[in-house]
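Trainee: Dropping in work.txt, which is compact mmCIF, C-alpha atoms and all ligand atoms:
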```txt
# COMPACT_ATOMS: atom_id res chain seq x y z
CA MET M 1 0.00 0.00 0.00
CA ASN M 2 1.45 3.36 -0.88
CA LYS M 3 1.31 6.37 1.37
CA VAL M 4 -1.73 8.00 -0.30
CA LYS M 5 -3.78 4.81 -0.01
CA ARG M 6 -2.84 4.47 3.65
CA ILE M 7 -4.01 8.04 4.29
CA ILE M 8 -7.33 7.43 2.49
CA VAL M 9 -7.95 4.23 4.48
CA PHE M 10 -7.08 6.06 7.71
CA ILE M 11 -9.49 8.91 6.92
CA GLY M 12 -12.22 6.38 6.09
CA ILE M 13 -11.73 4.52 9.36
CA MET M 14 -11.73 7.78 11.35
CA MET M 15 -14.98 8.84 9.63
CA ILE M 16 -16.68 5.57 10.51
CA ILE M 17 -15.48 5.75 14.13
CA SER M 18 -16.52 9.40 14.52
CA CYS M 19 -19.84 8.55 12.94
CA PHE M 20 -20.60 5.96 15.60
CA PHE M 21 -19.85 8.41 18.37
CA ILE M 22 -21.20 11.65 16.98
CA ASP M 23 -24.26 10.62 15.00
CA HIS M 24 -26.50 8.01 16.51
CA GLN M 25 -28.52 7.32 13.41
CA LEU M 26 -28.46 3.70 12.32
CA LYS M 27 -27.49 4.45 8.78
CA CYS M 28 -24.63 6.76 9.57
CA ALA M 29 -21.57 4.55 9.26
CA LEU M 30 -22.80 2.83 6.15
CA VAL M 31 -23.83 5.98 4.34
CA ASP M 32 -20.85 8.13 5.23
CA SER M 33 -18.29 5.50 4.32
CA SER M 34 -19.89 4.97 0.92
CA GLU M 35 -20.16 8.75 0.52
CA ASN M 36 -16.42 8.97 1.03
CA ALA M 37 -15.69 6.24 -1.49
CA ARG M 38 -17.94 7.80 -4.10
CA ASP M 39 -16.40 11.22 -3.57
CA LEU M 40 -13.03 9.77 -4.50
CA LYS M 41 -14.47 8.03 -7.54
CA ALA M 42 -16.27 11.17 -8.69
CA GLU M 43 -13.06 13.21 -8.63
CA ASN M 44 -11.77 11.22 -11.58
CA ASN M 45 -15.03 11.44 -13.43
CA SER M 46 -15.27 14.21 -15.97
CA GLY M 47 -18.01 12.51 -18.05
CA PRO M 48 -21.79 12.85 -17.71
CA LYS M 49 -23.16 13.32 -14.21
CA TYR M 50 -26.23 11.40 -13.07
CA ILE M 51 -28.11 11.96 -9.85
CA ALA M 52 -31.41 10.73 -8.38
CA LEU M 53 -34.09 12.42 -6.31
CA THR M 54 -35.85 10.01 -3.96
CA PHE M 55 -38.85 10.77 -1.78
CA ASP M 56 -39.84 8.69 1.25
CA ASP M 57 -42.97 8.35 3.37
CA GLY M 58 -45.51 9.54 0.80
CA PRO M 59 -47.76 10.03 -0.85
CA ASN M 60 -49.02 13.25 0.69
CA ASN M 61 -52.27 14.57 -0.74
CA THR M 62 -51.26 18.23 -0.30
CA TYR M 63 -47.61 18.34 -1.35
CA THR M 64 -47.09 15.38 -3.67
CA PRO M 65 -49.30 16.91 -6.41
CA LEU M 66 -47.24 20.14 -6.28
CA LEU M 67 -44.07 18.08 -6.60
CA LEU M 68 -45.43 16.06 -9.53
CA ASP M 69 -46.48 19.29 -11.28
CA GLY M 70 -43.00 20.75 -10.84
CA LEU M 71 -41.20 17.60 -11.97
CA ALA M 72 -43.46 17.25 -15.03
CA LYS M 73 -42.79 20.87 -15.99
CA ARG M 74 -39.06 20.14 -15.87
CA GLY M 75 -39.25 16.71 -17.53
CA VAL M 76 -37.62 15.07 -14.50
CA LYS M 77 -38.33 11.54 -13.21
CA ALA M 78 -37.93 10.76 -9.53
CA THR M 79 -38.27 7.76 -7.22
CA PHE M 80 -40.98 7.44 -4.55
CA PHE M 81 -40.82 4.97 -1.68
CA LEU M 82 -44.39 4.74 -0.45
CA ILE M 83 -45.96 3.75 2.85
CA GLU M 84 -49.06 1.63 2.44
CA THR M 85 -51.08 3.47 5.09
CA ASN M 86 -50.42 6.73 3.23
CA ILE M 87 -51.57 5.23 -0.07
CA GLU M 88 -55.08 4.70 1.34
CA GLY M 89 -57.25 7.43 -0.17
CA ASN M 90 -54.44 8.63 -2.42
CA GLU M 91 -54.70 5.89 -5.04
CA ALA M 92 -55.20 8.36 -7.90
CA LEU M 93 -52.02 10.14 -6.92
CA VAL M 94 -50.05 6.90 -7.00
CA LYS M 95 -51.50 6.10 -10.42
CA ARG M 96 -50.46 9.55 -11.60
CA MET M 97 -46.89 9.00 -10.32
CA PHE M 98 -46.69 5.74 -12.21
CA ASP M 99 -48.26 7.13 -15.40
CA GLU M 100 -45.84 10.06 -15.40
CA GLY M 101 -42.86 7.69 -15.43
CA HIS M 102 -41.62 7.88 -11.85
CA LEU M 103 -40.24 4.79 -10.14
CA ILE M 104 -42.36 3.51 -7.29
CA GLY M 105 -40.75 1.55 -4.48
CA ASN M 106 -41.79 0.04 -1.18
CA HIS M 107 -41.29 1.76 2.21
CA THR M 108 -43.35 -0.82 4.18
CA ALA M 109 -46.96 -0.69 5.29
CA THR M 110 -46.55 1.18 8.58
CA HIS M 111 -42.95 2.45 8.52
CA ILE M 112 -41.59 -0.19 10.89
CA LEU M 113 -38.02 -1.03 11.81
CA LEU M 114 -37.97 -4.27 9.84
CA THR M 115 -35.09 -5.84 11.76
CA SER M 116 -36.95 -5.46 15.05
CA LYS M 117 -39.82 -7.62 13.81
CA THR M 118 -40.16 -11.34 13.18
CA GLU M 119 -39.47 -12.37 9.60
CA GLU M 120 -43.16 -13.12 9.22
CA GLU M 121 -44.22 -9.63 10.34
CA ALA M 122 -41.53 -7.96 8.25
CA CYS M 123 -42.56 -9.90 5.16
CA ARG M 124 -46.21 -9.08 5.70
CA GLU M 125 -45.34 -5.35 5.85
CA ILE M 126 -43.46 -5.61 2.58
CA GLU M 127 -45.85 -7.89 0.75
CA GLU M 128 -48.99 -5.93 1.67
CA THR M 129 -47.40 -2.75 0.36
CA ASN M 130 -46.28 -4.43 -2.86
CA GLN M 131 -49.78 -5.82 -3.34
CA LYS M 132 -51.43 -2.43 -2.77
CA ILE M 133 -49.17 -0.74 -5.31
CA TYR M 134 -49.75 -3.60 -7.75
CA GLU M 135 -53.52 -3.14 -7.47
CA ILE M 136 -53.15 0.51 -8.48
CA THR M 137 -50.40 0.40 -11.09
CA GLY M 138 -50.42 -3.19 -12.34
CA THR M 139 -46.72 -3.42 -11.48
CA LYS M 140 -45.22 -4.92 -8.35
CA PRO M 141 -42.34 -2.92 -6.91
CA THR M 142 -38.98 -4.66 -6.91
CA TYR M 143 -37.20 -1.91 -4.99
CA ILE M 144 -37.44 -1.22 -1.29
CA ARG M 145 -36.08 1.47 0.97
CA PRO M 146 -36.25 -0.04 4.43
CA PRO M 147 -37.28 2.58 7.01
CA PHE M 148 -34.22 3.88 8.90
CA GLY M 149 -32.04 1.99 6.42
CA SER M 150 -32.51 -1.08 8.56
CA TRP M 151 -32.31 -4.31 6.55
CA SER M 152 -31.26 -7.84 7.21
CA GLU M 153 -29.84 -10.37 4.76
CA LYS M 154 -32.33 -12.87 6.15
CA LEU M 155 -35.15 -10.84 4.59
CA GLU M 156 -33.58 -11.04 1.16
CA CYS M 157 -33.98 -14.82 1.16
CA ILE M 158 -37.71 -14.53 1.69
CA ILE M 159 -38.60 -11.54 -0.44
CA PRO M 160 -36.54 -10.82 -3.53
CA MET M 161 -36.40 -7.03 -3.23
CA ASN M 162 -33.55 -4.75 -4.21
CA VAL M 163 -32.57 -2.36 -1.45
CA ILE M 164 -31.93 1.27 -2.37
CA LEU M 165 -30.41 3.43 0.36
CA TRP M 166 -29.14 7.00 -0.12
CA ASN M 167 -25.89 8.94 0.09
CA ILE M 168 -27.03 12.59 0.26
CA ASP M 169 -29.22 13.37 3.27
CA PRO M 170 -30.05 17.03 4.04
CA LEU M 171 -32.30 15.98 6.98
CA ASP M 172 -35.14 17.88 5.30
CA TRP M 173 -37.73 16.60 7.80
CA LYS M 174 -35.70 18.10 10.62
CA THR M 175 -34.67 21.47 9.22
CA GLN M 176 -37.80 22.16 7.16
CA ASN M 177 -35.78 25.01 5.70
CA GLN M 178 -35.71 25.27 1.92
CA ALA M 179 -32.41 27.16 1.69
CA ALA M 180 -30.61 24.78 4.07
CA ILE M 181 -31.86 21.71 2.19
CA VAL M 182 -30.81 23.12 -1.19
CA LYS M 183 -27.41 24.15 0.14
CA HIS M 184 -26.67 20.73 1.62
CA VAL M 185 -27.67 18.85 -1.52
CA VAL M 186 -25.92 21.15 -3.97
CA THR M 187 -22.73 21.06 -1.87
CA HIS M 188 -22.75 17.25 -1.66
CA ALA M 189 -23.94 16.59 -5.23
CA ARG M 190 -21.86 14.21 -7.30
CA ASN M 191 -22.20 11.64 -10.04
CA GLY M 192 -24.12 8.65 -8.64
CA GLY M 193 -25.70 10.68 -5.84
CA ILE M 194 -28.98 9.45 -4.35
CA ILE M 195 -30.73 12.32 -2.58
CA LEU M 196 -33.12 11.55 0.29
CA LEU M 197 -36.12 13.87 0.71
CA HIS M 198 -39.69 13.59 2.01
CA ASP M 199 -42.64 14.89 0.00
CA SER M 200 -44.62 15.47 3.19
CA TYR M 201 -43.26 19.01 3.62
CA LYS M 202 -43.71 22.07 1.44
CA THR M 203 -40.13 23.12 2.18
CA SER M 204 -38.88 19.80 0.81
CA VAL M 205 -40.95 20.05 -2.36
CA ASP M 206 -39.83 23.64 -3.00
CA ALA M 207 -36.23 22.62 -2.27
CA ALA M 208 -36.44 19.63 -4.62
CA LEU M 209 -37.51 21.82 -7.53
CA GLU M 210 -34.81 24.37 -6.78
CA ILE M 211 -32.27 21.51 -6.61
CA VAL M 212 -33.41 20.30 -10.03
CA ASP M 213 -32.98 23.77 -11.53
CA THR M 214 -29.58 24.36 -9.91
CA LEU M 215 -28.02 20.96 -10.63
CA THR M 216 -29.40 20.89 -14.17
CA ARG M 217 -27.52 24.13 -14.77
CA GLU M 218 -24.42 22.42 -13.35
CA GLY M 219 -24.69 19.66 -15.96
CA TYR M 220 -26.47 16.95 -13.98
CA THR M 221 -29.06 14.63 -15.46
CA PHE M 222 -31.77 13.41 -13.09
CA VAL M 223 -32.57 9.70 -13.32
CA THR M 224 -34.60 7.22 -11.29
CA ALA M 225 -32.58 5.52 -8.55
CA ASP M 226 -32.59 2.09 -10.23
CA GLU M 227 -30.53 3.58 -13.07
CA LEU M 228 -27.66 4.26 -10.67
CA LEU M 229 -27.47 0.70 -9.36
CA VAL M 230 -24.99 -0.70 -11.84
CA ASP M 231 -22.32 -1.95 -9.41
NI NI T 1 -39.22 6.84 6.06
```
Let me see the file written as structure tokens.

Mentor:
Amino acid sequence: MNKVKRIIVFIGIMMIISCFFIDHQLKCALVDSSENARDLKAENNSGPKYIALTFDDGPNNTYTPLLLDGLAKRGVKATFFLIETNIEGNEALVKRMFDEGHLIGNHTATHILLTSKTEEEACREIEETNQKIYEITGTKPTYIRPPFGSWSEKLECIIPMNVILWNIDPLDWKTQNQAAIVKHVVTHARNGGIILLHDSYKTSVDAALEIVDTLTREGYTFVTADELLVD
């Protein structure tokens, strides 16, 4: 190992360690270490830049339509990880999402921590949500974003779902501040970025559209998250 590689490995290890101590979120170590690796990869990449907007916890009958209007106006496709209990009564909105070319994924029926449940309960949460989306769109989701990023390999044996996590997280639900969300995402944007937002807040929807306008000007192309999973 040469000196540069040793330094990179050291920085990576320090980031993971500091992550465990500073940030108590489950996903932290995983996300930040991959963020670091992708940053290094992106430095050598002067080709086209692809990035994905993903929205969790929807649909929301007030803000999701505004988001869909804004995305349609800009010709941008996004990815939505839906909660079954939020789909109830919003079936037309889900159909619209699908018809407008967005990718629809599973975010469980009741937003549970899948790894804290029995395999049977976890599978029921996933399967019910898949079934509900299938009844509306005619297509069963094959992608899942497990709430809190919590997933177990055991679940993969039972339900063949592809897990999509994220690597750019502006904590939009926490700040609910459009300018702060935009700033975080634009600063951390890179080729292969998967941005995590929630279409349950007006600030997030407004930020998402501003992010599209800003990053499009910077040469990014917005794609659905499945298009970035080539590794
Ligand atoms: Ni969620």

Trainee: Hey, what's within 12 Å of Thr139 (chain M) if we count all atoms listed in the file and toss same-chain stuff fewer than 2 positions away? As a PDB file with C-alpha atoms, in the frame of the given file, please?

Mentor:
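Produced file selection-v5.pdb, reproduced below:
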```pdb
ATOM      1  CA  VAL M  94     -50.050   6.900  -7.000  1.00  0.00           C
ATOM      2  CA  LYS M  95     -51.500   6.100 -10.420  1.00  0.00           C
ATOM      3  CA  PHE M  98     -46.690   5.740 -12.210  1.00  0.00           C
ATOM      4  CA  ASP M  99     -48.260   7.130 -15.400  1.00  0.00           C
ATOM      5  CA  LEU M 103     -40.240   4.790 -10.140  1.00  0.00           C
ATOM      6  CA  ILE M 104     -42.360   3.510  -7.290  1.00  0.00           C
ATOM      7  CA  GLY M 105     -40.750   1.550  -4.480  1.00  0.00           C
ATOM      8  CA  ASN M 106     -41.790   0.040  -1.180  1.00  0.00           C
ATOM      9  CA  THR M 129     -47.400  -2.750   0.360  1.00  0.00           C
ATOM     10  CA  ASN M 130     -46.280  -4.430  -2.860  1.00  0.00           C
ATOM     11  CA  GLN M 131     -49.780  -5.820  -3.340  1.00  0.00           C
ATOM     12  CA  LYS M 132     -51.430  -2.430  -2.770  1.00  0.00           C
ATOM     13  CA  ILE M 133     -49.170  -0.740  -5.310  1.00  0.00           C
ATOM     14  CA  TYR M 134     -49.750  -3.600  -7.750  1.00  0.00           C
ATOM     15  CA  GLU M 135     -53.520  -3.140  -7.470  1.00  0.00           C
ATOM     16  CA  ILE M 136     -53.150   0.510  -8.480  1.00  0.00           C
ATOM     17  CA  THR M 137     -50.400   0.400 -11.090  1.00  0.00           C
ATOM     18  CA  PRO M 141     -42.340  -2.920  -6.910  1.00  0.00           C
ATOM     19  CA  THR M 142     -38.980  -4.660  -6.910  1.00  0.00           C
ATOM     20  CA  TYR M 143     -37.200  -1.910  -4.990  1.00  0.00           C
TER      21      TYR M 143
END
```

Trainee: Nearest to Ser152 (chain M): which of M:Asn167, M:Ala52, M:Thr118, M:Val212 is it, counting only C-alpha atoms?

Mentor: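 Once distances to Ser152 (chain M) are computed over only C-alpha atoms, the minimum belongs to M:Thr118.
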
Trainee: Mind dumping a table of every chain M residue within 10 Å of ligand NI 1 (chain T), with the nearest atom pair and its distance in Å to one decimal, using all atoms listed in the file, sorted by chain and rising number, as a Markdown table?

Mentor:
```
| residue | atom | partner | partner_atom | distance |
| --- | --- | --- | --- | --- |
| M:Phe55 | CA | T:NI1 | NI | 8.8 |
| M:Asp56 | CA | T:NI1 | NI | 5.2 |
| M:Asp57 | CA | T:NI1 | NI | 4.9 |
| M:Gly58 | CA | T:NI1 | NI | 8.6 |
| M:Phe81 | CA | T:NI1 | NI | 8.1 |
| M:Leu82 | CA | T:NI1 | NI | 8.6 |
| M:Ile83 | CA | T:NI1 | NI | 8.1 |
| M:His107 | CA | T:NI1 | NI | 6.7 |
| M:Thr108 | CA | T:NI1 | NI | 8.9 |
| M:Thr110 | CA | T:NI1 | NI | 9.6 |
| M:His111 | CA | T:NI1 | NI | 6.3 |
| M:Ile112 | CA | T:NI1 | NI | 8.9 |
| M:Leu113 | CA | T:NI1 | NI | 9.8 |
| M:Arg145 | CA | T:NI1 | NI | 8.0 |
| M:Pro146 | CA | T:NI1 | NI | 7.7 |
| M:Pro147 | CA | T:NI1 | NI | 4.8 |
| M:Phe148 | CA | T:NI1 | NI | 6.5 |
| M:Gly149 | CA | T:NI1 | NI | 8.7 |
| M:Leu196 | CA | T:NI1 | NI | 9.6 |
| M:Leu197 | CA | T:NI1 | NI | 9.4 |
| M:His198 | CA | T:NI1 | NI | 7.9 |
```

Trainee: Let me make sure I understand: among M:Thr115, M:Tyr63, M:Ala208, M:Ile158, which one has the smallest atom-to-atom distance to Glu127 (chain M) if we use all atoms listed in the file?

Mentor: M:Ile158

Trainee: May I ask for the distance between CA of Ile168 (chain M) and CA of Arg190 (chain M), given in Å to one decimal place?

Mentor: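 Rounded to one decimal, the two atoms are 9.3 Å apart.
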
Trainee: Quick one: pull the distance between CA of Lys117 (chain M) and CA of Tyr201 (chain M), Å, one decimal.

Mentor: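 Atom-to-atom, CA of Lys117 (chain M) to CA of Tyr201 (chain M), that is 28.7 Å.
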
Trainee: For Trp173 (chain M), list every protein, DNA or RNA residue within 10 Å, evaluated using all atoms listed in the file, and leave out those in the same chain fewer than 3 positions away; present the list as a ChimeraX atom specification.

Mentor: /M:170,176-177,181,197-201,203-204

Trainee: Once you count all atoms listed in the file, which residues end up no further than 10 Å from (-35.0, -11.1, 6.6) in the file's frame, shown as a PyMOL selection string?

Mentor: chain M and resi 114-115+117-120+122-123+151-159

Trainee: Work out where the centre of an axis-aligned box around every listed atom of region 87-93 of chain M lies and how long its edges are once 4 Å is added on each side; give both in Å to one decimal as JSON.

Mentor:
```
{"center_x": -54.4, "center_y": 7.4, "center_z": -3.3, "size_x": 13.7, "size_y": 13.4, "size_z": 17.2}
```

Trainee: Suppose you want the space between CA of Val163 (chain M) and CA of Ala225 (chain M); what is it in Å?

Mentor: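 Going from CA of Val163 (chain M) over to CA of Ala225 (chain M), I get 10.6 Å.
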
Trainee: With all atoms listed in the file as the basis for distance, which of M:Ala180, M:Leu229, M:Leu215, M:Ala92 is at the shortest distance from Trp166 (chain M)?

Mentor: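 Counting all atoms listed in the file, the residue closest to Trp166 (chain M) is M:Leu229.
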
Trainee: Using all atoms listed in the file, find the one residue out of M:Ile194, M:Val182, M:Glu84, M:Ser116 that sits nearest to Phe222 (chain M).

Mentor: M:Ile194

Trainee: Let me make sure I understand: among M:Thr224, M:Thr64, M:Thr175, M:Thr79, which one has the smallest atom-to-atom distance to Val205 (chain M) if we use all atoms listed in the file?

Mentor: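 Closest to Val205 (chain M), using all atoms listed in the file: M:Thr64.
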
Trainee: My list of candidates is M:Leu66, M:His184, M:Ile87, M:Gly75. Which is closest to Thr221 (chain M) when distances are computed with all atoms listed in the file?

Mentor: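 Looking only at the distances to Thr221 (chain M), the closest residue turns out to be M:Gly75.
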
Trainee: If I only have part of region 115-136 of chain M, can you fill in N, CA, C and O atoms and write it as an mmCIF file, in the frame of the given file?

Mentor:
```cif
data_model
loop_
_atom_site.group_PDB
_atom_site.id
_atom_site.type_symbol
_atom_site.label_atom_id
_atom_site.label_comp_id
_atom_site.auth_asym_id
_atom_site.auth_seq_id
_atom_site.Cartn_x
_atom_site.Cartn_y
_atom_site.Cartn_z
ATOM 1 N N THR M 115 -35.948 -4.886 11.047
ATOM 2 C CA THR M 115 -35.090 -5.840 11.760
ATOM 3 C C THR M 115 -35.528 -6.070 13.200
ATOM 4 O O THR M 115 -35.013 -6.952 13.865
ATOM 5 N N SER M 116 -36.480 -5.257 13.674
ATOM 6 C CA SER M 116 -36.950 -5.460 15.050
ATOM 7 C C SER M 116 -38.167 -6.379 15.076
ATOM 8 O O SER M 116 -38.698 -6.690 16.133
ATOM 9 N N LYS M 117 -38.626 -6.791 13.902
ATOM 10 C CA LYS M 117 -39.820 -7.620 13.810
ATOM 11 C C LYS M 117 -39.452 -9.063 13.465
ATOM 12 O O LYS M 117 -38.339 -9.331 13.019
ATOM 13 N N THR M 118 -40.415 -9.967 13.637
ATOM 14 C CA THR M 118 -40.160 -11.340 13.180
ATOM 15 C C THR M 118 -40.131 -11.298 11.650
ATOM 16 O O THR M 118 -40.667 -10.372 11.027
ATOM 17 N N GLU M 119 -39.526 -12.323 11.075
ATOM 18 C CA GLU M 119 -39.470 -12.370 9.600
ATOM 19 C C GLU M 119 -40.872 -12.365 9.016
ATOM 20 O O GLU M 119 -41.119 -11.763 7.985
ATOM 21 N N GLU M 120 -41.781 -13.035 9.705
ATOM 22 C CA GLU M 120 -43.160 -13.120 9.220
ATOM 23 C C GLU M 120 -43.806 -11.730 9.186
ATOM 24 O O GLU M 120 -44.434 -11.350 8.194
ATOM 25 N N GLU M 121 -43.640 -10.986 10.282
ATOM 26 C CA GLU M 121 -44.220 -9.630 10.340
ATOM 27 C C GLU M 121 -43.577 -8.725 9.299
ATOM 28 O O GLU M 121 -44.246 -7.943 8.619
ATOM 29 N N ALA M 122 -42.261 -8.805 9.195
ATOM 30 C CA ALA M 122 -41.530 -7.960 8.250
ATOM 31 C C ALA M 122 -41.999 -8.245 6.828
ATOM 32 O O ALA M 122 -42.272 -7.333 6.046
ATOM 33 N N CYS M 123 -42.137 -9.528 6.513
ATOM 34 C CA CYS M 123 -42.560 -9.900 5.160
ATOM 35 C C CYS M 123 -43.980 -9.442 4.882
ATOM 36 O O CYS M 123 -44.284 -9.012 3.773
ATOM 37 N N ARG M 124 -44.831 -9.521 5.907
ATOM 38 C CA ARG M 124 -46.210 -9.080 5.700
ATOM 39 C C ARG M 124 -46.241 -7.592 5.377
ATOM 40 O O ARG M 124 -46.949 -7.138 4.483
ATOM 41 N N GLU M 125 -45.442 -6.802 6.094
ATOM 42 C CA GLU M 125 -45.340 -5.350 5.850
ATOM 43 C C GLU M 125 -44.928 -5.065 4.407
ATOM 44 O O GLU M 125 -45.435 -4.144 3.773
ATOM 45 N N ILE M 126 -43.987 -5.835 3.930
ATOM 46 C CA ILE M 126 -43.460 -5.610 2.580
ATOM 47 C C ILE M 126 -44.451 -6.093 1.530
ATOM 48 O O ILE M 126 -44.769 -5.388 0.565
ATOM 49 N N GLU M 127 -44.969 -7.297 1.760
ATOM 50 C CA GLU M 127 -45.850 -7.890 0.750
ATOM 51 C C GLU M 127 -47.169 -7.132 0.607
ATOM 52 O O GLU M 127 -47.654 -6.936 -0.503
ATOM 53 N N GLU M 128 -47.731 -6.701 1.731
ATOM 54 C CA GLU M 128 -48.990 -5.930 1.670
ATOM 55 C C GLU M 128 -48.804 -4.653 0.854
ATOM 56 O O GLU M 128 -49.664 -4.263 0.075
ATOM 57 N N THR M 129 -47.673 -4.005 1.062
ATOM 58 C CA THR M 129 -47.400 -2.750 0.360
ATOM 59 C C THR M 129 -47.202 -3.012 -1.142
ATOM 60 O O THR M 129 -47.736 -2.282 -1.979
ATOM 61 N N ASN M 130 -46.453 -4.057 -1.455
ATOM 62 C CA ASN M 130 -46.280 -4.430 -2.860
ATOM 63 C C ASN M 130 -47.630 -4.702 -3.524
ATOM 64 O O ASN M 130 -47.883 -4.258 -4.645
ATOM 65 N N GLN M 131 -48.476 -5.438 -2.798
ATOM 66 C CA GLN M 131 -49.780 -5.820 -3.340
ATOM 67 C C GLN M 131 -50.644 -4.584 -3.595
ATOM 68 O O GLN M 131 -51.275 -4.449 -4.643
ATOM 69 N N LYS M 132 -50.633 -3.652 -2.645
ATOM 70 C CA LYS M 132 -51.430 -2.430 -2.770
ATOM 71 C C LYS M 132 -50.986 -1.617 -3.996
ATOM 72 O O LYS M 132 -51.817 -1.127 -4.763
ATOM 73 N N ILE M 133 -49.685 -1.495 -4.158
ATOM 74 C CA ILE M 133 -49.170 -0.740 -5.310
ATOM 75 C C ILE M 133 -49.501 -1.469 -6.604
ATOM 76 O O ILE M 133 -49.879 -0.850 -7.601
ATOM 77 N N TYR M 134 -49.418 -2.795 -6.554
ATOM 78 C CA TYR M 134 -49.750 -3.600 -7.750
ATOM 79 C C TYR M 134 -51.212 -3.394 -8.158
ATOM 80 O O TYR M 134 -51.520 -3.263 -9.342
ATOM 81 N N GLU M 135 -52.098 -3.328 -7.166
ATOM 82 C CA GLU M 135 -53.520 -3.140 -7.470
ATOM 83 C C GLU M 135 -53.779 -1.806 -8.172
ATOM 84 O O GLU M 135 -54.700 -1.680 -8.970
ATOM 85 N N ILE M 136 -52.958 -0.820 -7.889
ATOM 86 C CA ILE M 136 -53.150 0.510 -8.480
ATOM 87 C C ILE M 136 -52.451 0.641 -9.831
ATOM 88 O O ILE M 136 -53.001 1.183 -10.778
#
```
